[in-house]
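> My structure is stored as run_12.cif, with mmCIF, C-alpha atoms.
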data_protein
#
loop_
_atom_site.label_atom_id
_atom_site.label_comp_id
_atom_site.auth_asym_id
_atom_site.auth_seq_id
_atom_site.Cartn_x
_atom_site.Cartn_y
_atom_site.Cartn_z
CA MET Y 1 105.14 9.37 -18.42
CA ARG Y 2 103.52 6.50 -20.28
CA ASP Y 3 101.95 9.01 -22.68
CA TYR Y 4 105.34 10.60 -23.25
CA TYR Y 5 106.96 7.40 -24.45
CA ALA Y 6 103.78 6.36 -26.28
CA GLN Y 7 103.92 9.43 -28.51
CA TYR Y 8 107.55 8.68 -29.42
CA VAL Y 9 106.63 5.07 -30.14
CA THR Y 10 104.08 6.49 -32.60
CA ILE Y 11 106.80 8.63 -34.23
CA GLY Y 12 109.10 5.60 -34.32
CA ILE Y 13 106.47 3.41 -36.01
CA PHE Y 14 105.82 6.20 -38.49
CA ALA Y 15 109.54 6.48 -39.29
CA ILE Y 16 109.86 2.70 -39.75
CA VAL Y 17 106.81 2.56 -42.04
CA ALA Y 18 108.22 5.46 -44.09
CA ALA Y 19 111.61 3.74 -44.45
CA VAL Y 20 110.04 0.37 -45.34
CA LEU Y 21 107.77 2.05 -47.89
CA VAL Y 22 110.67 3.76 -49.68
CA VAL Y 23 113.02 0.76 -49.63
CA GLY Y 24 110.20 -1.69 -50.35
CA THR Y 25 108.81 0.08 -53.42
CA LEU Y 26 112.29 0.59 -54.87
CA GLN Y 27 113.18 -3.08 -54.35
CA LEU Y 28 109.81 -4.22 -55.73
CA SER Y 29 110.27 -2.19 -58.91
CA ARG Y 30 113.81 -3.57 -59.20
CA LEU Y 31 112.35 -7.08 -59.16
CA LEU Y 32 109.76 -6.27 -61.81
CA ARG Y 33 111.67 -4.15 -64.31
CA PRO Y 34 114.11 -5.43 -66.93
CA SER Y 35 117.72 -4.33 -66.50
CA HIS Y 36 119.93 -3.84 -69.56
CA PRO Y 37 122.33 -1.03 -68.63
CA THR Y 38 124.49 0.53 -71.31
CA ALA Y 39 127.00 3.33 -70.97
CA GLU Y 40 124.58 5.86 -72.49
CA LYS Y 41 121.74 4.88 -70.17
CA LEU Y 42 123.93 5.32 -67.11
CA THR Y 43 124.87 8.94 -67.83
CA THR Y 44 123.26 11.57 -65.63
CA TYR Y 45 120.89 12.86 -68.32
CA GLU Y 46 120.26 10.01 -70.69
CA SER Y 47 119.15 12.11 -73.65
CA GLY Y 48 120.74 15.36 -72.57
CA ILE Y 49 124.11 17.01 -72.91
CA ASP Y 50 127.04 14.78 -72.01
CA PRO Y 51 128.36 15.71 -68.57
CA ILE Y 52 131.89 17.11 -68.45
CA GLY Y 53 134.26 16.58 -65.55
CA ALA Y 54 133.56 15.07 -62.15
CA GLY Y 55 130.28 15.32 -60.26
CA TRP Y 56 131.87 17.31 -57.48
CA ALA Y 57 132.91 20.81 -58.35
CA GLN Y 58 133.99 23.66 -56.15
CA THR Y 59 131.00 25.90 -55.50
CA SER Y 60 131.02 29.67 -55.39
CA VAL Y 61 131.53 31.24 -51.98
CA ARG Y 62 128.29 33.16 -52.59
CA TYR Y 63 126.30 30.08 -51.55
CA TYR Y 64 127.88 30.29 -48.11
CA VAL Y 65 125.61 33.24 -47.32
CA TYR Y 66 122.54 31.08 -48.01
CA ALA Y 67 123.91 28.37 -45.73
CA LEU Y 68 124.56 30.84 -42.95
CA LEU Y 69 121.16 32.50 -43.37
CA PHE Y 70 119.62 29.05 -42.95
CA VAL Y 71 121.70 28.44 -39.81
CA ILE Y 72 120.73 31.78 -38.29
CA PHE Y 73 117.01 31.36 -38.83
CA ASP Y 74 117.31 27.74 -37.71
CA VAL Y 75 118.63 28.98 -34.36
CA GLU Y 76 115.81 31.51 -34.26
CA ALA Y 77 113.29 28.71 -34.84
CA VAL Y 78 114.70 26.78 -31.87
CA PHE Y 79 113.93 29.75 -29.63
CA LEU Y 80 110.42 30.08 -31.07
CA PHE Y 81 109.34 26.76 -29.53
CA PRO Y 82 109.83 27.68 -25.85
CA TRP Y 83 108.56 31.16 -26.67
CA ALA Y 84 105.30 29.74 -28.05
CA THR Y 85 104.71 27.68 -24.90
CA VAL Y 86 105.04 30.67 -22.55
CA PHE Y 87 103.49 33.30 -24.80
CA GLU Y 88 100.11 33.18 -23.11
CA SER Y 89 101.41 33.40 -19.55
CA LEU Y 90 104.03 36.12 -20.17
CA GLY Y 91 101.99 38.09 -22.71
CA THR Y 92 103.34 41.47 -23.88
CA GLN Y 93 106.73 40.97 -22.24
CA ALA Y 94 107.47 37.81 -24.24
CA PHE Y 95 106.16 39.46 -27.39
CA VAL Y 96 108.47 42.50 -27.04
CA GLU Y 97 111.45 40.27 -26.27
CA MET Y 98 110.90 38.19 -29.36
CA VAL Y 99 110.29 41.26 -31.55
CA ILE Y 100 113.69 42.65 -30.48
CA PHE Y 101 115.34 39.28 -31.15
CA VAL Y 102 113.78 38.85 -34.58
CA GLY Y 103 114.36 42.54 -35.33
CA ILE Y 104 118.12 42.22 -34.79
CA LEU Y 105 118.18 39.15 -37.03
CA ALA Y 106 116.11 41.01 -39.63
CA LEU Y 107 118.92 43.61 -39.71
CA ALA Y 108 121.24 40.81 -40.85
CA LEU Y 109 118.82 39.88 -43.61
CA LEU Y 110 118.47 43.55 -44.66
CA TYR Y 111 122.25 43.89 -44.76
CA ALA Y 112 122.53 40.85 -47.04
CA ILE Y 113 119.81 42.30 -49.29
CA LYS Y 114 121.51 45.71 -49.31
CA LYS Y 115 124.79 44.11 -50.35
CA ARG Y 116 122.86 42.45 -53.21
CA LEU Y 117 123.87 38.99 -52.07
CA LEU Y 118 120.41 37.52 -52.41
CA GLU Y 119 120.14 38.40 -56.09
CA TRP Y 120 120.70 35.68 -58.62
CA LEU Y 121 123.59 36.40 -60.90
CA MET Z 1 109.82 -2.99 -14.66
CA ASN Z 2 108.93 -3.93 -18.20
CA ALA Z 3 109.27 -0.31 -19.36
CA ASP Z 4 112.73 -0.22 -17.79
CA VAL Z 5 113.82 -3.23 -19.82
CA VAL Z 6 112.53 -1.64 -23.04
CA ARG Z 7 114.36 1.58 -22.19
CA GLU Z 8 117.57 -0.33 -21.48
CA VAL Z 9 117.35 -2.23 -24.80
CA PHE Z 10 116.67 1.03 -26.66
CA PHE Z 11 119.59 2.75 -24.95
CA TRP Z 12 122.12 0.04 -25.86
CA GLY Z 13 120.72 -0.23 -29.38
CA VAL Z 14 121.07 3.51 -30.01
CA GLY Z 15 124.46 3.48 -28.28
CA ALA Z 16 125.71 0.74 -30.60
CA ILE Z 17 124.50 2.66 -33.67
CA MET Z 18 126.21 5.82 -32.39
CA VAL Z 19 129.53 4.05 -31.80
CA ILE Z 20 129.47 2.41 -35.24
CA ALA Z 21 128.59 5.73 -36.93
CA ALA Z 22 131.26 7.57 -34.94
CA LEU Z 23 133.90 5.01 -35.97
CA ARG Z 24 132.84 5.36 -39.60
CA VAL Z 25 133.18 9.17 -39.32
CA VAL Z 26 136.90 8.83 -38.71
CA THR Z 27 137.60 5.76 -40.84
CA THR Z 28 135.69 6.51 -44.05
CA GLN Z 29 137.76 7.69 -47.01
CA ASN Z 30 135.10 10.06 -48.31
CA VAL Z 31 134.68 13.27 -46.30
CA VAL Z 32 131.05 13.71 -47.40
CA HIS Z 33 130.24 10.23 -46.09
CA ALA Z 34 131.96 11.24 -42.85
CA ALA Z 35 129.56 14.20 -42.55
CA LEU Z 36 126.57 11.93 -43.17
CA TYR Z 37 127.77 9.39 -40.58
CA LEU Z 38 128.08 12.34 -38.19
CA VAL Z 39 124.36 12.93 -38.74
CA GLY Z 40 123.78 9.36 -37.55
CA THR Z 41 125.81 9.94 -34.39
CA LEU Z 42 124.08 13.24 -33.59
CA MET Z 43 120.62 11.79 -34.23
CA GLY Z 44 121.51 8.99 -31.82
CA ALA Z 45 122.39 11.59 -29.20
CA ALA Z 46 119.00 13.24 -29.83
CA ALA Z 47 117.28 9.88 -29.33
CA LEU Z 48 119.09 9.47 -26.00
CA TYR Z 49 117.91 12.95 -24.92
CA VAL Z 50 114.34 11.92 -25.74
CA LEU Z 51 114.86 8.80 -23.65
CA LEU Z 52 116.02 10.99 -20.73
CA LEU Z 53 112.84 13.12 -21.03
CA ALA Z 54 114.85 16.14 -22.26
CA GLU Z 55 112.56 16.84 -25.20
CA PHE Z 56 113.63 20.41 -25.87
CA VAL Z 57 117.32 19.55 -25.84
CA ALA Z 58 116.60 16.64 -28.18
CA TRP Z 59 114.87 18.79 -30.78
CA ALA Z 60 117.39 21.60 -30.41
CA GLN Z 61 120.03 18.94 -31.10
CA VAL Z 62 118.19 17.88 -34.26
CA LEU Z 63 117.67 21.46 -35.50
CA ILE Z 64 121.06 22.92 -34.58
CA TYR Z 65 123.51 20.04 -34.91
CA VAL Z 66 121.89 17.81 -37.51
CA GLY Z 67 120.44 20.76 -39.41
CA ALA Z 68 122.75 23.70 -39.09
CA VAL Z 69 126.20 22.38 -38.13
CA VAL Z 70 126.21 19.56 -40.68
CA VAL Z 71 124.98 21.94 -43.40
CA LEU Z 72 127.86 24.31 -42.58
CA MET Z 73 130.26 21.36 -42.66
CA LEU Z 74 129.03 20.23 -46.08
CA PHE Z 75 129.19 23.79 -47.43
CA GLY Z 76 132.68 24.11 -46.03
CA LEU Z 77 133.69 20.94 -47.88
CA MET Z 78 132.05 22.06 -51.12
CA LEU Z 79 133.78 25.44 -50.92
CA THR Z 80 137.25 24.25 -49.99
CA ARG Z 81 137.93 20.59 -50.65
CA ALA Z 82 136.52 20.17 -54.14
CA PRO Z 83 136.74 17.92 -56.04
CA ILE Z 84 135.52 15.66 -53.26
CA GLY Z 85 135.93 11.95 -53.53
CA LYS Z 86 137.91 9.14 -52.09
CA ALA Z 87 141.14 10.50 -50.73
CA ASN Z 88 143.81 9.20 -48.45
CA TYR Z 89 144.33 11.69 -45.65
CA ASP Z 90 146.90 9.58 -43.85
CA ASN Z 91 150.38 10.89 -43.30
CA SER Z 92 153.46 10.06 -41.27
CA GLN Z 93 151.94 11.53 -38.09
CA ARG Z 94 149.48 8.64 -37.84
CA PRO Z 95 151.23 6.77 -34.95
CA LEU Z 96 151.65 9.99 -32.97
CA ALA Z 97 147.98 10.86 -33.53
CA ALA Z 98 146.99 7.39 -32.33
CA VAL Z 99 149.01 7.88 -29.13
CA VAL Z 100 147.48 11.32 -28.50
CA ALA Z 101 143.95 10.00 -29.13
CA ALA Z 102 144.52 7.00 -26.85
CA VAL Z 103 145.88 9.20 -24.05
CA LEU Z 104 143.00 11.66 -24.41
CA PHE Z 105 140.48 8.80 -24.35
CA GLY Z 106 142.17 7.33 -21.30
CA VAL Z 107 142.29 10.61 -19.39
CA MET Z 108 138.67 11.51 -20.15
CA SER Z 109 137.43 8.02 -19.30
CA TRP Z 110 139.39 8.09 -16.05
CA ILE Z 111 137.99 11.52 -15.10
CA LEU Z 112 134.42 10.46 -15.87
CA ILE Z 113 134.72 7.16 -14.00
CA ASP Z 114 136.47 8.88 -11.10
CA ALA Z 115 133.74 11.53 -10.83
CA PHE Z 116 130.60 9.47 -11.46
CA SER Z 117 131.51 5.87 -10.68
CA GLY Z 118 128.77 4.27 -8.61
CA THR Z 119 126.52 7.33 -8.78
CA GLU Z 120 122.91 6.46 -9.51
CA LEU Z 121 120.64 9.19 -10.83
CA GLU Z 122 116.89 8.93 -10.63
CA LEU Z 123 115.08 9.64 -13.88
CA ALA Z 124 113.15 12.86 -13.31
CA GLY Z 125 109.86 11.20 -14.28
CA GLU Z 126 106.79 13.37 -13.82
CA ASN Z 127 108.90 16.28 -12.58
CA ALA Z 128 111.06 16.49 -15.70
CA PRO Z 129 111.33 20.10 -16.88
CA ARG Z 130 109.15 20.68 -19.89
CA THR Z 131 109.71 23.05 -22.78
CA GLN Z 132 107.32 25.42 -21.01
CA ASP Z 133 109.59 25.59 -17.95
CA ILE Z 134 112.61 26.28 -20.15
CA GLY Z 135 110.68 29.02 -21.96
CA ALA Z 136 109.62 30.62 -18.69
CA VAL Z 137 113.25 30.78 -17.55
CA ILE Z 138 114.61 32.08 -20.87
CA PHE Z 139 112.02 34.83 -21.22
CA SER Z 140 112.09 36.03 -17.63
CA SER Z 141 115.48 35.41 -15.94
CA TYR Z 142 117.75 35.09 -18.97
CA VAL Z 143 116.40 37.75 -21.32
CA TRP Z 144 119.72 39.51 -21.82
CA PRO Z 145 121.72 36.42 -22.82
CA PHE Z 146 118.85 35.56 -25.14
CA GLU Z 147 118.96 38.97 -26.85
CA ILE Z 148 122.76 38.86 -27.03
CA VAL Z 149 122.47 35.59 -28.97
CA SER Z 150 120.79 37.56 -31.75
CA VAL Z 151 123.70 40.03 -31.84
CA LEU Z 152 126.12 37.08 -32.07
CA LEU Z 153 124.14 35.66 -35.00
CA LEU Z 154 124.11 39.11 -36.61
CA ALA Z 155 127.91 39.24 -36.34
CA ALA Z 156 128.17 35.77 -37.91
CA LEU Z 157 126.06 36.79 -40.89
CA ILE Z 158 127.91 40.07 -41.40
CA GLY Z 159 131.12 38.03 -41.44
CA ALA Z 160 129.68 35.74 -44.11
CA VAL Z 161 128.51 38.75 -46.13
CA MET Z 162 132.00 40.24 -45.98
CA ILE Z 163 133.46 36.98 -47.32
CA ALA Z 164 130.92 36.57 -50.09
CA ARG Z 165 130.26 40.13 -51.24
CA ARG Z 166 131.32 41.44 -54.57
CA ASP Z 167 133.43 44.55 -54.20
CA GLU Z 168 131.85 46.33 -57.15
CA PRO Z 169 128.25 45.23 -57.56
CA GLU Z 170 127.92 47.25 -60.79
CA ALA Z 171 130.87 45.67 -62.55
CA ASP Z 172 129.69 42.68 -64.53
CA LYS Z 173 133.18 41.41 -65.26
CA GLU Z 174 133.28 39.59 -61.94
CA VAL Z 175 130.20 37.55 -62.79
CA GLY Z 176 130.92 33.88 -62.64
CA SER Z 177 134.05 34.19 -60.56
#
When written as structure tokens, how does the structure in this file appear?

Amino acid sequence: MRDYYAQYVTIGIFAIVAAVLVVGTLQLSRLLRPSHPTAEKLTTYESGIDPIGAGWAQTSVRYYVYALLFVIFDVEAVFLFPWATVFESLGTQAFVEMVIFVGILALALLYAIKKRLLEWL
Amino acid sequence: MNADVVREVFFWGVGAIMVIAALRVVTTQNVVHAALYLVGTLMGAAALYVLLLAEFVAWAQVLIYVGAVVVLMLFGLMLTRAPIGKANYDNSQRPLAAVVAAVLFGVMSWILIDAFSGTELELAGENAPRTQDIGAVIFSSYVWPFEIVSVLLLAALIGAVMIARRDEPEADKEVGS
């Protein structure tokens, strides 16, 4: 019980240190550097091609497949955690169950590949 | 005793963050900011699950809701609502919506208070189900629902493929559309 909360306190301290490090170094460099902004310096690519239009543009529906592939294998990953904890005690049974599960999801991936959706245009 | 006080302080702190983030979700003018505030609310819920010793639920919440659902939301916005920026989504139905929301809030609060008012639940403590217990149940008693989940996910991806596919993969004239 005490150990349980102690490990999350460790994670919490780690998260706080990470946040302070990022914010702190950015603020420190802001204090040290000179600041003379001009319109050219504030463009997205200072020495590159001038950007045209707004930053937000409508994206192609093709990217939706990548998003959904991520979601599907994200859900699969959630099931892998409890599976890993019982793998030793259940043995072959758990292995076969997970192979079927991953196999059905692999069909989805194969279908996307077959439809040439994972190729870059 | 001391641990209880710390837990209480943590609970109310996370609760306050969740309420503020949830209010910002519905009041912010930028829909992308709304999605990011939603991440704050859902992460707060995950923190509360950790506090209640429900570790697996907490990390499933982080992976599924914060990871997957918010990603789908952002993709949905990028695909449909572009260009995204500050926009005023108010219309003349605002007062009616406020009444509906207030009534819904009232009814749900009343039901919850009516059902659980005065009930005190003991924290499971040492007997809290661990990820191992959940795994044992999923992979022995609930194998079929577990396998059916994969078929459901397969159907979801096939749906996405149908939306995104090019009808004639050979024809290069559709490139860039």
> Excluding range 110-118 of chain Y and its own-chain neighbours fewer than 6 positions away, which residues fall within 8 Å of it when counting all atoms listed in the file? Please give them as a tab-separated table (two decimals) with C-alpha atoms, in the coordinates of the input.

chain	number	residue	atom	x	y	z
Y	62	ARG	CA	128.29	33.16	-52.59
Y	65	VAL	CA	125.61	33.24	-47.32
Z	158	ILE	CA	127.91	40.07	-41.40
Z	161	VAL	CA	128.51	38.75	-46.13
Z	164	ALA	CA	130.92	36.57	-50.09
Z	165	ARG	CA	130.26	40.13	-51.24
Z	169	PRO	CA	128.25	45.23	-57.56
> Once the PyMOL selection byres ((chain Y) within 7 of (chain Z)) has been applied to the shown file, what residues remain in the selection, as a PyMOL selection string?
chain Y and resi 1+56-62+64-65+67-69+71-72+74-75+78+82-83+85-86+94+101+104-105+108+112+115+117+121
> Name the residues that the PyMOL selection byres ((chain Z and resi 15-29) around 10) picks from the file above, as a PyMOL selection string, using the file's chain letters and numbers.
chain Z and resi 9-14+30-45+47-48+85-90
> Would you export the selected residues with C-alpha atoms as a compact mmCIF listing (two decimals), keeping the file's coordinate frame, please?

# COMPACT_ATOMS: atom_id res chain seq x y z
CA VAL Z 9 117.35 -2.23 -24.80
CA PHE Z 10 116.67 1.03 -26.66
CA PHE Z 11 119.59 2.75 -24.95
CA TRP Z 12 122.12 0.04 -25.86
CA GLY Z 13 120.72 -0.23 -29.38
CA VAL Z 14 121.07 3.51 -30.01
CA ASN Z 30 135.10 10.06 -48.31
CA VAL Z 31 134.68 13.27 -46.30
CA VAL Z 32 131.05 13.71 -47.40
CA HIS Z 33 130.24 10.23 -46.09
CA ALA Z 34 131.96 11.24 -42.85
CA ALA Z 35 129.56 14.20 -42.55
CA LEU Z 36 126.57 11.93 -43.17
CA TYR Z 37 127.77 9.39 -40.58
CA LEU Z 38 128.08 12.34 -38.19
CA VAL Z 39 124.36 12.93 -38.74
CA GLY Z 40 123.78 9.36 -37.55
CA THR Z 41 125.81 9.94 -34.39
CA LEU Z 42 124.08 13.24 -33.59
CA MET Z 43 120.62 11.79 -34.23
CA GLY Z 44 121.51 8.99 -31.82
CA ALA Z 45 122.39 11.59 -29.20
CA ALA Z 47 117.28 9.88 -29.33
CA LEU Z 48 119.09 9.47 -26.00
CA GLY Z 85 135.93 11.95 -53.53
CA LYS Z 86 137.91 9.14 -52.09
CA ALA Z 87 141.14 10.50 -50.73
CA ASN Z 88 143.81 9.20 -48.45
CA TYR Z 89 144.33 11.69 -45.65
CA ASP Z 90 146.90 9.58 -43.85
> Could you work out how far CA of Pro129 in chain Z lies from CA of Gly91 in chain Y, giving the answer in Å with one decimal?
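Result for CA of Gly91 in chain Y versus CA of Pro129 in chain Z: 21.1 Å, one decimal.
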> Can you measure CA of Leu123 in chain Z to CA of Val66 in chain Z for me? One decimal in Å is fine.
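It comes out at 25.9 Å.
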> Could you please determine the separation between CA of Asp3 in chain Y and CA of Leu52 in chain Z in Å, to one decimal place?
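A separation of 14.3 Å between them.
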> Taking only C-alpha atoms into account, name the residue in Y:Phe87, Y:Phe79, Y:Trp120, Y:Tyr45 that is nearest to Val102 in chain Y.
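Of the candidates, the smallest distance to Val102 in chain Y is held by Y:Phe79.
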